[in-house]
Amino acid sequence: MTSAHQRLGERIRVFRGARGRRAAAPKAPGDRAIVLTCSDYLALAGHPAVTEAMIAGLREEDAASPATGSCLPGDHPQVVLGERFARHLGARAGVLCSSGWAANTGLLQVVAGPDVPVYLDVLAHASLWEGARAAGAEPACFRHNDLDHLRRRIEAGGSGVIAVDAVCGTDGSVAPLAGLAAVAEEHGCLLVVDESHSLGTHGERGAGLVAELGLTGRVDFRTASLAKALPGRAGLIACDRPGSADCFPRTALPAVFGSTLPPHDVAGLAAALKVVRREGWRRGRLRAITARLREGLAELGYRLVESDSQIIALEAGSESEATRMRDALVGRDIFSAALFPPAASVGRTLVRLSAHAGLSDGDVRRILTACREVRPRAAAAV
């Protein structure tokens with residue numbers, strides 16, 4: 001029988017071998033670098049209002065007095081900010097927790113169970129899959145954005161929870177949310193939509209894709225990592241089911257056994273939410289940059305994953321080809337991400353560019369020029 005020590009040794013050997021094939025970018029970004037690997041889509045990480053609010057939060061007297069998330073009074077800043085996010089999204093209630101991962105795993109632990117199946121888009125974030133397993137539910141995947149396949153799975157498995165990403169963080173594809181809401185209503189399912197990559201970037205005031213499409217009230221739960229367009233460290237659950245917001249802090253394991261958000265994180269997120277609502281030009285700039293990059297890359301012959309989101313994914317033929325393209329771009333001070341399983345789905349490799357509102361017109365030209373120069377090297381990959 002194989003011992004635990006032997007199993008661990010084998011995993012380390014496999015990891016080291018994979019690391020050799022998939023080595024990280026060969027150098028760190030310098031002063032001239034264009035970084036397209038982060039999710040600061042609205043370029044808010046260095047916003048003065050956000051940084052000043054966080055500095056003020058660090059100076060609060062109770063900064064070192066954490067409490068568990070299930071013991072917070074109604075006037076606690078974390079609770080108050082959760083309600084502000086709910087109003088921003090047009091939801092009945094909002095709960096903040098330590099991360100987007102905690103939001104998804106904790107929520108599914110509450111709403112699913114051994115007798116409640118979870119229907120997951122095959123490209124749904126790993127935290128949604130982990131939440132289904134934590135709930136003891138039977139995960140049933142359906143083909144990406146395939147409503148007919150989802151219907152067949154529900155007809156076979158019965159009413160349950162449908163869980164999807166509004167915008168897929170891997171390839172930028174956008175979920176057919178109106179169709180998903182119709183399927184959920186038709187079969188009596190709860191619908192959970194992760195808005196991590198659409199909160200702040202979509203909607204007139206950044207309320208997300210569900211709000212932009214007029215589906216508020218038809219989606220039971222929206223979750224988000226507040227470490228993307230909003231530059232913080234927290235997770236959000238927006239609830240449209242009466243009473244469910246009270247249930248999460250007292251029954252979801254990440255909340256029961258977690259601590260409150262530090263005051264400086266709460267203060268920074270509160271300031272960032274104000275900026276998101278007020279500075280709509282950032283969303284307009286992001287859309288313009290995204291459109292120019294997508295159009296330019298398509299003209300160069302790159303095969304793009306179909307989408308209009310700020311996450312631009314180039315199809316690659318193999319891991320080595322994606323890595324070569326990423327490294328060729330790094331040589332021109334442009335940093336992209338080469339994605340392999342498990343970050344990408346099995347049998348798929350991508351080179352991902354994450355656009356953001358801080359890119360200048362000159363930056364966009366540099367990116368397209370570099371992609372033109374490396375195109376011969378990447379011909380087999382795209």
# chains A, B, ... in the order shown; residues from 1 in each chain; ligands from 1

call {"tool": "select_by_dssp", "arguments": {"residues": "stretch 43-222 of chain A", "states": "strand (DSSP E or B)", "output": "MDAnalysis selection string"}}
result
chainID A and resid 68 93:97 113 116 118:121 139:142 161:165 167 174 190:194 221:222

call {"tool": "write_last_selection", "arguments": {"atoms": "N, CA and C atoms", "output": "compact mmCIF listing (two decimals), in the first residue's frame"}}
result
# COMPACT_ATOMS: atom_id res chain seq x y z
N THR A 68 -15.74 37.38 15.21
CA THR A 68 -16.23 36.44 14.21
C THR A 68 -17.37 37.06 13.43
N ALA A 93 -30.71 42.37 0.33
CA ALA A 93 -29.75 42.36 1.43
C ALA A 93 -28.38 42.00 0.89
N GLY A 94 -27.35 42.37 1.65
CA GLY A 94 -25.98 42.06 1.25
C GLY A 94 -25.16 41.67 2.45
N VAL A 95 -24.27 40.70 2.25
CA VAL A 95 -23.39 40.21 3.31
C VAL A 95 -21.96 40.25 2.80
N LEU A 96 -21.05 40.81 3.60
CA LEU A 96 -19.64 40.79 3.27
C LEU A 96 -18.94 39.68 4.06
N CYS A 97 -17.97 39.05 3.42
CA CYS A 97 -17.18 38.03 4.09
C CYS A 97 -15.73 38.17 3.64
N GLY A 113 -27.37 20.83 -0.74
CA GLY A 113 -27.25 19.74 0.21
C GLY A 113 -27.36 18.41 -0.49
N VAL A 116 -30.25 18.32 -2.69
CA VAL A 116 -30.39 19.49 -3.58
C VAL A 116 -29.22 19.51 -4.54
N VAL A 118 -26.59 20.55 -7.53
CA VAL A 118 -26.05 21.82 -8.01
C VAL A 118 -25.64 21.64 -9.47
N TYR A 119 -26.24 22.46 -10.34
CA TYR A 119 -25.96 22.41 -11.77
C TYR A 119 -24.96 23.51 -12.10
N LEU A 120 -23.75 23.08 -12.43
CA LEU A 120 -22.64 24.00 -12.61
C LEU A 120 -22.23 24.08 -14.07
N ASP A 121 -22.12 25.30 -14.58
CA ASP A 121 -21.47 25.48 -15.87
C ASP A 121 -20.07 24.87 -15.77
N PRO A 139 -22.69 17.44 -7.62
CA PRO A 139 -22.47 18.40 -8.70
C PRO A 139 -22.79 17.78 -10.05
N ALA A 140 -23.53 18.51 -10.87
CA ALA A 140 -23.86 18.06 -12.23
C ALA A 140 -23.48 19.18 -13.17
N CYS A 141 -22.47 18.95 -14.01
CA CYS A 141 -22.02 20.03 -14.88
C CYS A 141 -22.80 20.01 -16.19
N PHE A 142 -22.92 21.19 -16.80
CA PHE A 142 -23.50 21.29 -18.13
C PHE A 142 -22.54 22.05 -19.03
N VAL A 161 -29.95 23.91 -7.62
CA VAL A 161 -29.29 25.20 -7.68
C VAL A 161 -28.48 25.28 -8.98
N ILE A 162 -28.67 26.35 -9.74
CA ILE A 162 -27.87 26.61 -10.94
C ILE A 162 -26.81 27.63 -10.56
N ALA A 163 -25.54 27.34 -10.87
CA ALA A 163 -24.45 28.23 -10.48
C ALA A 163 -23.57 28.51 -11.69
N VAL A 164 -23.38 29.81 -11.99
CA VAL A 164 -22.59 30.22 -13.16
C VAL A 164 -21.80 31.48 -12.83
N ASP A 165 -20.82 31.79 -13.69
CA ASP A 165 -20.13 33.07 -13.66
C ASP A 165 -20.78 33.99 -14.68
N VAL A 167 -19.37 36.66 -16.07
CA VAL A 167 -18.27 36.75 -17.03
C VAL A 167 -17.22 35.75 -16.58
N VAL A 174 -19.35 35.51 -21.82
CA VAL A 174 -20.45 36.07 -21.03
C VAL A 174 -21.60 35.08 -20.98
N LEU A 190 -33.03 27.54 -7.79
CA LEU A 190 -32.36 28.75 -7.35
C LEU A 190 -31.25 29.07 -8.35
N LEU A 191 -31.02 30.36 -8.61
CA LEU A 191 -29.98 30.78 -9.54
C LEU A 191 -28.93 31.60 -8.79
N VAL A 192 -27.67 31.14 -8.84
CA VAL A 192 -26.53 31.84 -8.24
C VAL A 192 -25.63 32.33 -9.37
N VAL A 193 -25.35 33.63 -9.39
CA VAL A 193 -24.50 34.21 -10.43
C VAL A 193 -23.31 34.90 -9.77
N ASP A 194 -22.12 34.45 -10.11
CA ASP A 194 -20.89 35.06 -9.62
C ASP A 194 -20.57 36.26 -10.52
N PHE A 221 -29.32 34.87 -5.97
CA PHE A 221 -28.10 35.28 -5.26
C PHE A 221 -27.05 35.72 -6.27
N ARG A 222 -26.39 36.82 -5.93
CA ARG A 222 -25.21 37.26 -6.67
C ARG A 222 -24.03 37.28 -5.72

call {"tool": "atom_distance", "arguments": {"atom1": "atom CA of A:Arg278", "atom2": "atom CA of A:Arg205"}}
result
7.4 Å

call {"tool": "select_by_dssp", "arguments": {"residues": "stretch 183-352 of chain A", "states": "alpha helix (DSSP H)", "output": "JSON, numbers by chain"}}
result
{"A": [183, 184, 185, 186, 187, 209, 210, 211, 212, 244, 245, 246, 247, 248, 249, 250, 251, 253, 254, 255, 256, 263, 264, 265, 266, 267, 268, 269, 270, 271, 272, 273, 274, 275, 276, 277, 278, 281, 282, 283, 284, 285, 286, 287, 288, 289, 290, 291, 292, 293, 294, 295, 296, 297, 298, 299, 319, 320, 321, 322, 323, 324, 325, 326, 327, 328, 329, 330]}

call {"tool": "write_last_selection", "arguments": {"atoms": "C-alpha atoms", "output": "PDB file, in the first residue's frame"}}
result
ATOM      1  CA  VAL A 183     -34.673  27.970 -17.055  1.00  0.00           C
ATOM      2  CA  ALA A 184     -34.450  28.491 -13.285  1.00  0.00           C
ATOM      3  CA  GLU A 185     -38.026  29.798 -13.152  1.00  0.00           C
ATOM      4  CA  GLU A 186     -39.314  27.031 -15.411  1.00  0.00           C
ATOM      5  CA  HIS A 187     -37.855  24.274 -13.208  1.00  0.00           C
ATOM      6  CA  LEU A 209     -24.372  42.414 -15.545  1.00  0.00           C
ATOM      7  CA  VAL A 210     -27.519  41.192 -13.799  1.00  0.00           C
ATOM      8  CA  ALA A 211     -28.591  44.790 -13.174  1.00  0.00           C
ATOM      9  CA  GLU A 212     -27.525  45.908 -16.659  1.00  0.00           C
ATOM     10  CA  SER A 244     -31.294  34.337   3.546  1.00  0.00           C
ATOM     11  CA  ALA A 245     -28.860  37.108   4.484  1.00  0.00           C
ATOM     12  CA  ASP A 246     -29.419  36.321   8.173  1.00  0.00           C
ATOM     13  CA  CYS A 247     -28.799  32.628   7.577  1.00  0.00           C
ATOM     14  CA  PHE A 248     -25.347  32.936   5.997  1.00  0.00           C
ATOM     15  CA  PRO A 249     -23.378  34.499   8.909  1.00  0.00           C
ATOM     16  CA  ARG A 250     -24.748  31.937  11.365  1.00  0.00           C
ATOM     17  CA  THR A 251     -24.580  28.711   9.329  1.00  0.00           C
ATOM     18  CA  LEU A 253     -18.641  27.639   7.848  1.00  0.00           C
ATOM     19  CA  PRO A 254     -16.448  30.397   6.326  1.00  0.00           C
ATOM     20  CA  ALA A 255     -18.505  32.948   8.274  1.00  0.00           C
ATOM     21  CA  VAL A 256     -18.908  31.005  11.525  1.00  0.00           C
ATOM     22  CA  PRO A 263     -11.220  48.313   9.375  1.00  0.00           C
ATOM     23  CA  HIS A 264      -8.844  49.562   6.667  1.00  0.00           C
ATOM     24  CA  ASP A 265     -10.265  47.052   4.152  1.00  0.00           C
ATOM     25  CA  VAL A 266     -13.816  48.103   4.983  1.00  0.00           C
ATOM     26  CA  ALA A 267     -12.865  51.770   4.644  1.00  0.00           C
ATOM     27  CA  GLY A 268     -11.084  51.193   1.336  1.00  0.00           C
ATOM     28  CA  LEU A 269     -14.006  49.255  -0.131  1.00  0.00           C
ATOM     29  CA  ALA A 270     -16.478  51.923   0.985  1.00  0.00           C
ATOM     30  CA  ALA A 271     -14.404  54.578  -0.776  1.00  0.00           C
ATOM     31  CA  ALA A 272     -13.972  52.406  -3.874  1.00  0.00           C
ATOM     32  CA  LEU A 273     -17.732  51.864  -4.129  1.00  0.00           C
ATOM     33  CA  LYS A 274     -18.252  55.637  -4.167  1.00  0.00           C
ATOM     34  CA  VAL A 275     -15.699  56.011  -6.960  1.00  0.00           C
ATOM     35  CA  VAL A 276     -17.260  53.185  -8.980  1.00  0.00           C
ATOM     36  CA  ARG A 277     -20.653  54.862  -8.794  1.00  0.00           C
ATOM     37  CA  ARG A 278     -19.364  58.375  -9.445  1.00  0.00           C
ATOM     38  CA  TRP A 281     -15.933  57.508 -17.417  1.00  0.00           C
ATOM     39  CA  ARG A 282     -13.763  54.613 -16.244  1.00  0.00           C
ATOM     40  CA  ARG A 283     -16.282  52.088 -17.601  1.00  0.00           C
ATOM     41  CA  GLY A 284     -16.512  54.025 -20.850  1.00  0.00           C
ATOM     42  CA  ARG A 285     -12.727  54.070 -21.175  1.00  0.00           C
ATOM     43  CA  LEU A 286     -12.530  50.339 -20.439  1.00  0.00           C
ATOM     44  CA  ARG A 287     -15.119  49.558 -23.131  1.00  0.00           C
ATOM     45  CA  ALA A 288     -13.274  51.690 -25.703  1.00  0.00           C
ATOM     46  CA  ILE A 289      -9.902  50.081 -24.937  1.00  0.00           C
ATOM     47  CA  THR A 290     -11.386  46.586 -25.025  1.00  0.00           C
ATOM     48  CA  ALA A 291     -13.048  47.214 -28.389  1.00  0.00           C
ATOM     49  CA  ARG A 292      -9.812  48.558 -29.913  1.00  0.00           C
ATOM     50  CA  LEU A 293      -7.763  45.610 -28.668  1.00  0.00           C
ATOM     51  CA  ARG A 294     -10.275  43.010 -29.810  1.00  0.00           C
ATOM     52  CA  GLU A 295     -10.645  44.590 -33.234  1.00  0.00           C
ATOM     53  CA  GLY A 296      -6.893  44.957 -33.694  1.00  0.00           C
ATOM     54  CA  LEU A 297      -6.100  41.400 -32.598  1.00  0.00           C
ATOM     55  CA  ALA A 298      -8.785  39.978 -34.883  1.00  0.00           C
ATOM     56  CA  GLU A 299      -7.324  41.945 -37.815  1.00  0.00           C
ATOM     57  CA  GLU A 319       1.048  24.734 -23.586  1.00  0.00           C
ATOM     58  CA  SER A 320       4.474  25.278 -25.143  1.00  0.00           C
ATOM     59  CA  GLU A 321       3.080  27.576 -27.836  1.00  0.00           C
ATOM     60  CA  ALA A 322       1.136  29.635 -25.318  1.00  0.00           C
ATOM     61  CA  THR A 323       4.234  29.890 -23.132  1.00  0.00           C
ATOM     62  CA  ARG A 324       6.384  30.985 -26.087  1.00  0.00           C
ATOM     63  CA  MET A 325       3.928  33.713 -27.003  1.00  0.00           C
ATOM     64  CA  ARG A 326       3.709  34.956 -23.421  1.00  0.00           C
ATOM     65  CA  ASP A 327       7.504  35.050 -23.151  1.00  0.00           C
ATOM     66  CA  ALA A 328       7.861  36.820 -26.516  1.00  0.00           C
ATOM     67  CA  LEU A 329       5.504  39.517 -25.257  1.00  0.00           C
ATOM     68  CA  VAL A 330       7.445  39.765 -21.983  1.00  0.00           C
TER      69      VAL A 330
END

call {"tool": "closest_residue", "arguments": {"among": "A:Leu300, A:Ala337, A:Cys239, A:Ala166", "to": "A:Thr369", "atoms": "only C-alpha atoms"}}
result
A:Leu300

call {"tool": "atom_distance", "arguments": {"atom1": "atom CA of A:Ile55", "atom2": "atom CA of A:Ser354"}}
result
28.2 Å

call {"tool": "residues_around", "arguments": {"residues": "A:Tyr41", "least_positions_apart": "4", "cutoff": "9 Å", "atoms": "only C-alpha atoms", "output": "list of chain:residue names"}}
result
A:His197, A:Gly200, A:Thr201, A:Lys228, A:Ala229, A:Leu230, A:Arg282, A:Arg283, A:Leu286, A:Gln310, A:Ser354, A:Ala355, A:His356, A:Ala357, A:Gly358

call {"tool": "write_last_selection", "arguments": {"atoms": "C-alpha atoms", "output": "mmCIF file, in the first residue's frame"}}
result
data_model
loop_
_atom_site.group_PDB
_atom_site.id
_atom_site.type_symbol
_atom_site.label_atom_id
_atom_site.label_comp_id
_atom_site.auth_asym_id
_atom_site.auth_seq_id
_atom_site.Cartn_x
_atom_site.Cartn_y
_atom_site.Cartn_z
ATOM 1 C CA HIS A 197 -15.675 40.003 -13.282
ATOM 2 C CA GLY A 200 -18.041 47.595 -11.324
ATOM 3 C CA THR A 201 -17.457 47.124 -15.059
ATOM 4 C CA LYS A 228 -11.223 42.788 -9.026
ATOM 5 C CA ALA A 229 -12.724 46.056 -10.285
ATOM 6 C CA LEU A 230 -13.061 47.011 -6.618
ATOM 7 C CA ARG A 282 -13.763 54.613 -16.244
ATOM 8 C CA ARG A 283 -16.282 52.088 -17.601
ATOM 9 C CA LEU A 286 -12.530 50.339 -20.439
ATOM 10 C CA GLN A 310 -12.482 43.159 -20.833
ATOM 11 C CA SER A 354 -6.875 41.628 -19.030
ATOM 12 C CA ALA A 355 -7.631 45.148 -20.244
ATOM 13 C CA HIS A 356 -7.994 48.011 -17.782
ATOM 14 C CA ALA A 357 -9.008 51.661 -17.838
ATOM 15 C CA GLY A 358 -5.492 52.863 -17.034
#

call {"tool": "residues_around", "arguments": {"residues": "A:Ile311", "least_positions_apart": "5", "cutoff": "8 Å", "atoms": "only C-alpha atoms", "output": "short mmCIF file (atom, residue, chain, number, x, y, z; two decimals) with N, CA and C atoms, in the first residue's frame"}}
result
data_model
loop_
_atom_site.label_atom_id
_atom_site.label_comp_id
_atom_site.auth_asym_id
_atom_site.auth_seq_id
_atom_site.Cartn_x
_atom_site.Cartn_y
_atom_site.Cartn_z
N GLY A 169 -13.90 34.23 -15.81
CA GLY A 169 -12.60 34.83 -15.57
C GLY A 169 -11.49 34.21 -16.39
N THR A 170 -11.69 33.00 -16.91
CA THR A 170 -10.66 32.34 -17.70
C THR A 170 -10.59 32.89 -19.11
N ASP A 171 -11.75 33.00 -19.77
CA ASP A 171 -11.73 33.38 -21.19
C ASP A 171 -12.58 34.59 -21.53
N GLY A 172 -13.26 35.20 -20.54
CA GLY A 172 -14.03 36.41 -20.79
C GLY A 172 -15.39 36.20 -21.40
N ARG A 352 -4.12 35.06 -22.10
CA ARG A 352 -5.16 35.98 -21.64
C ARG A 352 -4.59 37.37 -21.41
N LEU A 353 -5.29 38.37 -21.96
CA LEU A 353 -4.96 39.77 -21.74
C LEU A 353 -6.12 40.39 -20.97
N SER A 354 -5.84 40.97 -19.83
CA SER A 354 -6.87 41.63 -19.03
C SER A 354 -6.75 43.14 -19.22
N ALA A 355 -7.67 43.71 -19.98
CA ALA A 355 -7.63 45.15 -20.24
C ALA A 355 -8.05 45.91 -18.99
#

call {"tool": "atom_distance", "arguments": {"atom1": "atom CA of A:Ser159", "atom2": "atom CA of A:Cys189"}}
result
5.3 Å

call {"tool": "closest_residue", "arguments": {"among": "A:Gly158, A:Pro176, A:Gly235, A:Gly131", "to": "A:Leu199", "atoms": "only C-alpha atoms"}}
result
A:Gly235

call {"tool": "closest_residue", "arguments": {"among": "A:Gly362, A:Gly57, A:Ile334, A:Gly217", "to": "A:Asp31", "atoms": "only C-alpha atoms"}}
result
A:Ile334
